[in-house]
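Below is one structure, written out as structure tokens; comments come after it.
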Amino acid sequence: MKERLNILILGHGARESAIAWKLQQSSRTATLYMAPYGIPGVEGVRIDPLDFDAVARFVGANSIDMVIPGGEGPIVAGIADALSEVDVKVIAPDKACARLEGSKEFAKEFMSRHSIPTARFMTVTPDWLEEGLNFIDSLHAPYVLKADGLAHGQGVIIRETADEAKQTLREMLDGMFGEASSTVVIEEFVAGQECSVFLAVDGEDYLLLPAAKDYKKIGEGDKGPNTAGMGAVSPVPFVDAEFMEKVERRIIQPTLRGLREEGLDFRGFLFLGLMEQEGEPVLIEYNVRLGDPEAEAILPRIESDIVDVLEGIADRTLALKRLQTSDLCSAAVVLAERDYPGPVDAAKPVEGLNAPDAGYTVFPGEILFTTDNLAFSDGGRVATVEALGASLPEAIGKALAGAGDIHFDGKYFRRDIGFDLLGPSPLIPSADV
Ligand code: AMP
Ligand code: GLY
């Protein structure tokens, strides 16, 4: 075992900044790089994460020991396979396993084959339009339509009436999301409370990471269009020991057994998107990575050395590891551009990112830094502010205070992250925002 590792993180968002921040706390991290851009304290490498030849050359030339892809793009495109001949640990499943996220049809068929509780569904291609329309008639409102392939987190559409759902089905099959929606999964709507459960998996064993709840809608009170995530909290009060026992027995164990039976060697992070329905877990989707903004909320709650955990995934030694987690609560609030999730103006100066000992942590998201560390926005999700507290209200209050301390023109954030979990009369410290 090598004592100190050179590590390359792929991706440009607050999740990748949180991974970098956690790695910086490990005495086992030697040199850390991020591609395609760096953040203060982490050198940026101008490589496209999807250009696997360039990644391989950089790994060879800089004695990189570990590559961590943050997002699904390079994972689903097969970065683990592309680097399999290179002497480097890639913290991501191979292309065959990554179909759990890259194809909704594959994921749903996998769930059916292994009797994992999920919503009733039908897969439709243009040749099967009539069957798809009939299936919509057999369901109750609302109706869920999913592009089979990756669509930048926008490929799920929920319609209130059967007529609207039918119209949307036609439009999706007609190329609304290009090739990604040439196959569509029509699904029964599952009512309930959502949560995200994360596992580190080494092909045989797994470690459970802290669970989180993500807030996907742009507007307060869960209104408006879906985003890639506007905030997250961890832990989640309804994800208690009894619920997790059901998740392990009905979802995690059949999933890992199913992977093995199908000859799929999953090593990486597995992310279960779950709905809690009257105390029972229903699996909505798999992802094959950490979530964003969930990672920003859960990584600060992990006390174990993160390099040891990552090495356990790559070297199949998770059975020898235990994960220490903090009892503190964590809240993460995403600072977005006011037009997000629509097209946004970029290159706005961002101020207030370096608040030492402020009681919160800022993870730069879509931000570009100049060589003297001036910050300019570079997309819709500009930064995530995370705070720990003895209770969820305390963590949320501190994160909201931090959100108020950062400034850019058109800053928008949800002030109700986690409020739904606090019961009827939450004692939220008033935030100066
Ligand atoms: P995804 O892009 O797959 O993460 O889905 C986006 C969001 O759509 C999920 O986080 C859920 O809020 C919602 N969703 C997906 N499938 C269903 C379903 N069958 N029933 C209810 N909501 C769903
Ligand atoms: N926060 C949800 C995701 O990362 O897909």
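Going through the structure tokens in order, the chains are called A, B, and so on, while each chain numbers its residues from 1 and the ligands are numbered from 1 in the order shown.
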Report the closest atom pair, with its distance in Å rounded to one decimal, for each residue of chain A that has an atom no farther than 9 Å from ligand 1; count only C-alpha atoms and all ligand atoms, sort by chain and then rising residue number, and write it as CSV.
residue,atom,partner,partner_atom_place_in_ligand_line,distance
A:Glu101,CA,ligand 1,3 (O),8.8
A:Lys104,CA,ligand 1,3 (O),8.2
A:Thr118,CA,ligand 1,19 (N),7.8
A:Ala119,CA,ligand 1,19 (N),5.5
A:Arg120,CA,ligand 1,19 (N),8.1
A:Phe121,CA,ligand 1,19 (N),8.5
A:Pro142,CA,ligand 1,21 (C),8.5
A:Tyr143,CA,ligand 1,20 (N),8.0
A:Val144,CA,ligand 1,19 (N),5.9
A:Leu145,CA,ligand 1,16 (N),8.0
A:Lys146,CA,ligand 1,3 (O),7.3
A:Leu150,CA,ligand 1,2 (O),8.9
A:Ala151,CA,ligand 1,2 (O),8.4
A:His152,CA,ligand 1,2 (O),8.4
A:Gly153,CA,ligand 1,2 (O),5.0
A:Gln154,CA,ligand 1,2 (O),6.2
A:Gly155,CA,ligand 1,2 (O),6.0
A:Val156,CA,ligand 1,2 (O),5.2
A:Ile157,CA,ligand 1,8 (O),7.2
A:Ile158,CA,ligand 1,8 (O),7.4
A:Ile186,CA,ligand 1,19 (N),8.6
A:Glu187,CA,ligand 1,19 (N),5.4
A:Glu188,CA,ligand 1,19 (N),5.3
A:Phe189,CA,ligand 1,20 (N),3.6
A:Val190,CA,ligand 1,20 (N),3.7
A:Ala191,CA,ligand 1,21 (C),5.8
A:Gly192,CA,ligand 1,21 (C),7.9
A:Gln193,CA,ligand 1,12 (O),8.8
A:Glu194,CA,ligand 1,12 (O),6.8
A:Cys195,CA,ligand 1,10 (O),8.7
A:Asp214,CA,ligand 1,10 (O),8.1
A:Tyr215,CA,ligand 1,10 (O),8.4
A:Lys216,CA,ligand 1,10 (O),6.6
A:Lys217,CA,ligand 1,12 (O),8.5
A:Asn226,CA,ligand 1,6 (C),7.1
A:Thr227,CA,ligand 1,6 (C),8.7
A:Ala228,CA,ligand 1,2 (O),8.2
A:Gly273,CA,ligand 1,10 (O),7.0
A:Leu274,CA,ligand 1,10 (O),8.4
A:Met275,CA,ligand 1,21 (C),7.9
A:Leu283,CA,ligand 1,19 (N),8.7
A:Ile284,CA,ligand 1,16 (N),5.4
A:Glu285,CA,ligand 1,3 (O),5.8
A:Tyr286,CA,ligand 1,3 (O),8.1
A:Asn287,CA,ligand 1,4 (O),8.5
Shell of 6 Å around ligand 2 (only C-alpha atoms and all ligand atoms), written as a PyMOL selection string: chain A and resi 214+228-229+291-294
Keeping only C-alpha atoms, write the selected residues to a file as a CSV table (one decimal), in the first residue's frame.
chain,number,residue,atom,x,y,z
A,214,ASP,CA,-32.1,16.6,-1.8
A,228,ALA,CA,-29.9,19.4,-10.6
A,229,GLY,CA,-30.4,20.1,-6.8
A,291,GLY,CA,-25.0,13.2,-5.6
A,292,ASP,CA,-24.7,16.9,-6.0
A,293,PRO,CA,-25.6,18.7,-3.6
A,294,GLU,CA,-25.8,15.6,-1.4
Between A:Asp174, A:Asp202, A:Asp81, A:Glu131, which residue has the minimum interatomic distance to A:Glu311, considering only C-alpha atoms?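 Looking only at the distances to A:Glu311, the closest residue turns out to be A:Asp202.
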Would you please work out which residue, of A:Pro393, A:Gly60, A:Gly219, A:Gly70, is nearest to A:Glu296 when using only C-alpha atoms? A:Gly70
For A:Gly224, which of A:Pro341, A:Asn62, A:Lys398, A:Ile39 is the closest residue, counting only C-alpha atoms?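 With only C-alpha atoms as the atom set, the closest residue is A:Pro341.
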Among listed residues A:Glu3, A:Phe110, A:Ala401, A:Arg250, nearest A:Glu262 (using only C-alpha atoms): A:Phe110
If you count only C-alpha atoms, which residues fall within 7 Å of stretch 349-354 of chain A, apart from same-chain ones fewer than 2 positions away, as a VMD selection string? chain A and resid 347 356 362 375 to 377 405 to 408
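Distance annotation: of A:Ala346, A:Ile47, A:Trp21, A:Arg316, the residue with the minimal separation from A:Thr361 is A:Trp21; atom set is only C-alpha atoms.
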Of the candidates A:Arg99, A:Lys213, A:Arg289, A:Lys348, which one gets nearest to A:Ile19 if we count only C-alpha atoms? A:Arg289
All strand (DSSP E or B) positions in stretch 174-365 of chain A, as an MDAnalysis selection string: chainID A and resid 184:188 193:202 206:208 212:214 217:219 223:226 231:234 267:277 280:287 302 325 329:337 349:351 361:364
Taking 2 positions as the minimum chain separation for residues in the same chain, which residues sit within 7 Å of stretch 382-391 of chain A when counting only C-alpha atoms? Answer as a short mmCIF file (atom, residue, chain, number, x, y, z; two decimals) with all heavy atoms, in the first residue's frame.
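Writing done, so here's part.cif:
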data_model
loop_
_atom_site.label_atom_id
_atom_site.label_comp_id
_atom_site.auth_asym_id
_atom_site.auth_seq_id
_atom_site.Cartn_x
_atom_site.Cartn_y
_atom_site.Cartn_z
N ALA A 14 -19.64 22.02 -7.26
CA ALA A 14 -19.45 22.05 -5.82
C ALA A 14 -19.22 20.66 -5.24
O ALA A 14 -18.54 20.50 -4.23
CB ALA A 14 -20.65 22.72 -5.16
N GLU A 296 -21.98 17.45 -0.79
CA GLU A 296 -21.56 18.60 0.02
C GLU A 296 -22.11 18.49 1.45
O GLU A 296 -21.52 19.01 2.39
CB GLU A 296 -22.03 19.92 -0.61
CG GLU A 296 -21.43 20.23 -1.97
CD GLU A 296 -22.33 19.83 -3.12
OE1 GLU A 296 -22.48 18.61 -3.33
OE2 GLU A 296 -22.88 20.71 -3.81
N ALA A 297 -23.27 17.82 1.59
CA ALA A 297 -23.86 17.66 2.93
C ALA A 297 -23.28 16.45 3.67
O ALA A 297 -23.11 16.50 4.89
CB ALA A 297 -25.39 17.53 2.83
N LEU A 328 -23.19 15.10 14.22
CA LEU A 328 -23.65 16.44 13.87
C LEU A 328 -24.55 16.38 12.64
O LEU A 328 -24.47 15.47 11.82
CB LEU A 328 -22.46 17.35 13.58
CG LEU A 328 -21.58 17.70 14.79
CD1 LEU A 328 -20.36 18.50 14.35
CD2 LEU A 328 -22.39 18.47 15.83
N CYS A 329 -25.41 17.38 12.52
CA CYS A 329 -26.28 17.50 11.36
C CYS A 329 -25.62 18.44 10.36
O CYS A 329 -24.86 19.34 10.73
CB CYS A 329 -27.64 18.08 11.77
SG CYS A 329 -28.50 17.03 12.93
N SER A 330 -25.96 18.24 9.09
CA SER A 330 -25.35 19.03 8.03
C SER A 330 -26.44 19.58 7.12
O SER A 330 -27.41 18.88 6.81
CB SER A 330 -24.41 18.13 7.25
OG SER A 330 -23.81 18.81 6.19
N ALA A 331 -26.26 20.83 6.70
CA ALA A 331 -27.18 21.42 5.72
C ALA A 331 -26.35 22.07 4.62
O ALA A 331 -25.33 22.71 4.90
CB ALA A 331 -28.08 22.47 6.38
N ALA A 332 -26.78 21.88 3.37
CA ALA A 332 -26.07 22.46 2.22
C ALA A 332 -27.08 23.26 1.40
O ALA A 332 -28.16 22.76 1.08
CB ALA A 332 -25.46 21.36 1.37
N VAL A 333 -26.74 24.51 1.12
CA VAL A 333 -27.63 25.39 0.36
C VAL A 333 -26.92 25.82 -0.92
O VAL A 333 -25.79 26.31 -0.86
CB VAL A 333 -28.00 26.63 1.21
CG1 VAL A 333 -28.82 27.63 0.40
CG2 VAL A 333 -28.76 26.22 2.47
N VAL A 334 -27.58 25.61 -2.05
CA VAL A 334 -26.96 25.94 -3.34
C VAL A 334 -27.29 27.40 -3.69
O VAL A 334 -28.46 27.81 -3.63
CB VAL A 334 -27.48 24.99 -4.44
CG1 VAL A 334 -26.98 25.42 -5.82
CG2 VAL A 334 -27.07 23.56 -4.13
N LEU A 335 -26.26 28.14 -4.06
CA LEU A 335 -26.44 29.51 -4.54
C LEU A 335 -26.49 29.45 -6.07
O LEU A 335 -25.51 29.06 -6.71
CB LEU A 335 -25.28 30.39 -4.11
CG LEU A 335 -25.01 30.43 -2.60
CD1 LEU A 335 -23.90 31.43 -2.30
CD2 LEU A 335 -26.27 30.80 -1.84
N ALA A 336 -27.65 29.82 -6.60
CA ALA A 336 -27.84 29.71 -8.05
C ALA A 336 -27.95 31.10 -8.66
O ALA A 336 -28.13 32.11 -7.96
CB ALA A 336 -29.08 28.90 -8.34
N GLU A 337 -27.87 31.13 -9.95
CA GLU A 337 -28.09 32.32 -10.76
C GLU A 337 -29.60 32.49 -10.92
O GLU A 337 -30.30 31.49 -11.08
CB GLU A 337 -27.52 31.95 -12.11
CG GLU A 337 -26.61 32.85 -12.81
CD GLU A 337 -27.12 34.20 -13.08
OE1 GLU A 337 -28.30 34.33 -13.48
OE2 GLU A 337 -26.33 35.13 -12.90
N GLY A 359 -17.99 29.55 10.48
CA GLY A 359 -19.01 28.61 10.96
C GLY A 359 -19.69 27.87 9.83
O GLY A 359 -20.65 27.15 10.05
N TYR A 360 -19.21 28.07 8.62
CA TYR A 360 -19.74 27.33 7.46
C TYR A 360 -18.62 27.14 6.46
O TYR A 360 -17.54 27.75 6.60
CB TYR A 360 -20.92 28.08 6.81
CG TYR A 360 -20.61 29.51 6.41
CD1 TYR A 360 -19.97 29.79 5.21
CD2 TYR A 360 -20.96 30.58 7.22
CE1 TYR A 360 -19.67 31.09 4.84
CE2 TYR A 360 -20.68 31.88 6.86
CZ TYR A 360 -20.04 32.14 5.66
OH TYR A 360 -19.74 33.41 5.30
N THR A 361 -18.86 26.28 5.49
CA THR A 361 -17.85 25.99 4.46
C THR A 361 -18.45 26.32 3.11
O THR A 361 -19.60 25.97 2.85
CB THR A 361 -17.45 24.50 4.51
OG1 THR A 361 -17.09 24.17 5.85
CG2 THR A 361 -16.28 24.20 3.59
N VAL A 362 -17.67 26.97 2.27
CA VAL A 362 -18.16 27.29 0.92
C VAL A 362 -17.46 26.35 -0.07
O VAL A 362 -16.23 26.30 -0.11
CB VAL A 362 -17.85 28.75 0.53
CG1 VAL A 362 -18.45 29.05 -0.84
CG2 VAL A 362 -18.38 29.71 1.58
N PHE A 363 -18.25 25.64 -0.85
CA PHE A 363 -17.70 24.79 -1.91
C PHE A 363 -17.97 25.48 -3.24
O PHE A 363 -19.13 25.57 -3.67
CB PHE A 363 -18.35 23.41 -1.88
CG PHE A 363 -18.10 22.65 -0.60
CD1 PHE A 363 -19.15 22.21 0.19
CD2 PHE A 363 -16.80 22.38 -0.17
CE1 PHE A 363 -18.93 21.52 1.37
CE2 PHE A 363 -16.57 21.69 1.02
CZ PHE A 363 -17.63 21.26 1.78
N PRO A 364 -16.93 25.97 -3.91
CA PRO A 364 -17.15 26.64 -5.20
C PRO A 364 -17.78 25.67 -6.19
O PRO A 364 -17.39 24.50 -6.25
CB PRO A 364 -15.74 27.03 -5.66
CG PRO A 364 -14.90 27.00 -4.43
CD PRO A 364 -15.51 25.96 -3.53
N GLY A 365 -18.77 26.14 -6.92
CA GLY A 365 -19.43 25.32 -7.93
C GLY A 365 -18.98 25.75 -9.31
O GLY A 365 -17.79 25.67 -9.64
N GLU A 366 -19.94 26.25 -10.10
CA GLU A 366 -19.57 26.70 -11.45
C GLU A 366 -18.97 28.10 -11.35
O GLU A 366 -19.65 29.11 -11.55
CB GLU A 366 -20.79 26.63 -12.35
CG GLU A 366 -21.19 25.18 -12.60
CD GLU A 366 -22.42 25.03 -13.46
OE1 GLU A 366 -23.52 25.29 -12.95
OE2 GLU A 366 -22.28 24.67 -14.63
N ILE A 367 -17.70 28.10 -11.00
CA ILE A 367 -16.94 29.34 -10.83
C ILE A 367 -15.59 29.14 -11.50
O ILE A 367 -14.99 28.06 -11.38
CB ILE A 367 -16.71 29.64 -9.33
CG1 ILE A 367 -18.02 29.99 -8.63
CG2 ILE A 367 -15.70 30.77 -9.16
CD1 ILE A 367 -17.87 30.44 -7.19
N SER A 377 -18.57 33.81 -12.01
CA SER A 377 -19.54 32.72 -12.22
C SER A 377 -19.36 32.13 -13.63
O SER A 377 -18.95 32.82 -14.56
CB SER A 377 -20.97 33.25 -12.05
OG SER A 377 -21.27 34.19 -13.07
N GLY A 379 -21.83 29.46 -14.71
CA GLY A 379 -22.96 28.56 -14.91
C GLY A 379 -24.03 28.86 -13.89
O GLY A 379 -23.96 29.87 -13.17
N GLY A 380 -25.04 27.99 -13.82
CA GLY A 380 -26.22 28.25 -13.00
C GLY A 380 -26.07 27.94 -11.53
O GLY A 380 -26.72 28.55 -10.69
N PRO A 393 -32.00 22.40 12.66
CA PRO A 393 -32.26 23.84 12.61
C PRO A 393 -30.98 24.66 12.76
O PRO A 393 -30.81 25.68 12.08
CB PRO A 393 -33.21 24.08 13.79
CG PRO A 393 -33.88 22.77 14.01
CD PRO A 393 -32.89 21.72 13.63
N GLU A 394 -30.07 24.21 13.62
CA GLU A 394 -28.83 24.97 13.80
C GLU A 394 -27.98 24.94 12.52
O GLU A 394 -27.48 25.96 12.06
CB GLU A 394 -28.03 24.39 14.98
CG GLU A 394 -26.82 25.24 15.33
CD GLU A 394 -25.95 24.57 16.40
OE1 GLU A 394 -26.49 23.91 17.32
OE2 GLU A 394 -24.71 24.70 16.28
N ALA A 395 -27.86 23.74 11.93
CA ALA A 395 -27.07 23.62 10.69
C ALA A 395 -27.68 24.48 9.58
O ALA A 395 -26.98 25.18 8.85
CB ALA A 395 -26.99 22.15 10.27
N LYS A 398 -27.06 28.22 10.11
CA LYS A 398 -25.68 28.63 9.80
C LYS A 398 -25.45 28.65 8.29
O LYS A 398 -24.77 29.54 7.76
CB LYS A 398 -24.68 27.69 10.49
CG LYS A 398 -24.56 27.97 11.99
CD LYS A 398 -24.04 26.77 12.76
CE LYS A 398 -22.56 26.64 12.77
NZ LYS A 398 -22.13 25.48 13.61
N ALA A 399 -25.99 27.66 7.60
CA ALA A 399 -25.79 27.62 6.14
C ALA A 399 -26.49 28.81 5.48
O ALA A 399 -25.96 29.43 4.55
CB ALA A 399 -26.32 26.30 5.57
N GLY A 402 -24.47 31.85 5.94
CA GLY A 402 -23.37 31.85 4.98
C GLY A 402 -23.83 32.23 3.59
O GLY A 402 -23.16 32.97 2.87
N ALA A 403 -25.01 31.74 3.20
CA ALA A 403 -25.54 32.06 1.87
C ALA A 403 -25.73 33.57 1.73
O ALA A 403 -25.55 34.13 0.65
CB ALA A 403 -26.87 31.34 1.64
#
Mind giving me the straight-line distance from atom CA of A:Phe243 to atom CA of A:Tyr206 in Å, one decimal? 18.0 Å
Write down as a list in words the residues of stretch 182-269 of chain A whose backbone DSSP state falls under alpha helix (DSSP H).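 The residues of stretch 182-269 of chain A classed as alpha helix (DSSP H) are Ala241, Glu242, Phe243, Met244, Glu245, Lys246, Gln253, Pro254, Thr255, Leu256, Arg257, Gly258, Leu259, Arg260 and Glu261 of chain A.
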Selection: 9 Å around A:Asp305, only C-alpha atoms, excl. self and same-chain fewer than 6 positions, as a list in words: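 Contacts, with the query itself left out: Lys22, Leu23, Gln25, Ser26, Ser27, Arg28, Leu323 and Gln324 of chain A.
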Any chance you could export the current selection's N, CA and C atoms as a PDB file, in the first residue's frame?
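Final output, again-v2.pdb:
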ATOM      1  N   LYS A  22     -12.400  17.312   1.255  1.00  0.00           N
ATOM      2  CA  LYS A  22     -12.282  16.137   2.124  1.00  0.00           C
ATOM      3  C   LYS A  22     -10.916  15.473   1.933  1.00  0.00           C
ATOM      4  N   LEU A  23     -10.469  15.375   0.695  1.00  0.00           N
ATOM      5  CA  LEU A  23      -9.153  14.761   0.432  1.00  0.00           C
ATOM      6  C   LEU A  23      -8.032  15.579   1.065  1.00  0.00           C
ATOM      7  N   GLN A  25      -8.035  16.950   3.810  1.00  0.00           N
ATOM      8  CA  GLN A  25      -7.949  16.668   5.246  1.00  0.00           C
ATOM      9  C   GLN A  25      -7.216  15.369   5.542  1.00  0.00           C
ATOM     10  N   SER A  26      -6.920  14.603   4.493  1.00  0.00           N
ATOM     11  CA  SER A  26      -6.269  13.305   4.705  1.00  0.00           C
ATOM     12  C   SER A  26      -4.758  13.445   4.590  1.00  0.00           C
ATOM     13  N   SER A  27      -4.056  12.867   5.559  1.00  0.00           N
ATOM     14  CA  SER A  27      -2.590  12.893   5.493  1.00  0.00           C
ATOM     15  C   SER A  27      -2.100  12.001   4.361  1.00  0.00           C
ATOM     16  N   ARG A  28      -3.009  11.221   3.779  1.00  0.00           N
ATOM     17  CA  ARG A  28      -2.604  10.303   2.705  1.00  0.00           C
ATOM     18  C   ARG A  28      -2.703  10.947   1.323  1.00  0.00           C
ATOM     19  N   LEU A 323     -16.817   2.736   8.814  1.00  0.00           N
ATOM     20  CA  LEU A 323     -16.972   4.157   8.540  1.00  0.00           C
ATOM     21  C   LEU A 323     -17.389   4.878   9.819  1.00  0.00           C
ATOM     22  N   GLN A 324     -16.578   5.827  10.243  1.00  0.00           N
ATOM     23  CA  GLN A 324     -16.944   6.660  11.395  1.00  0.00           C
ATOM     24  C   GLN A 324     -17.691   7.868  10.868  1.00  0.00           C
TER      25      GLN A 324
END
In Å to one decimal, how far is atom CA of A:Asp345 from atom CA of A:Asp409? 9.9 Å
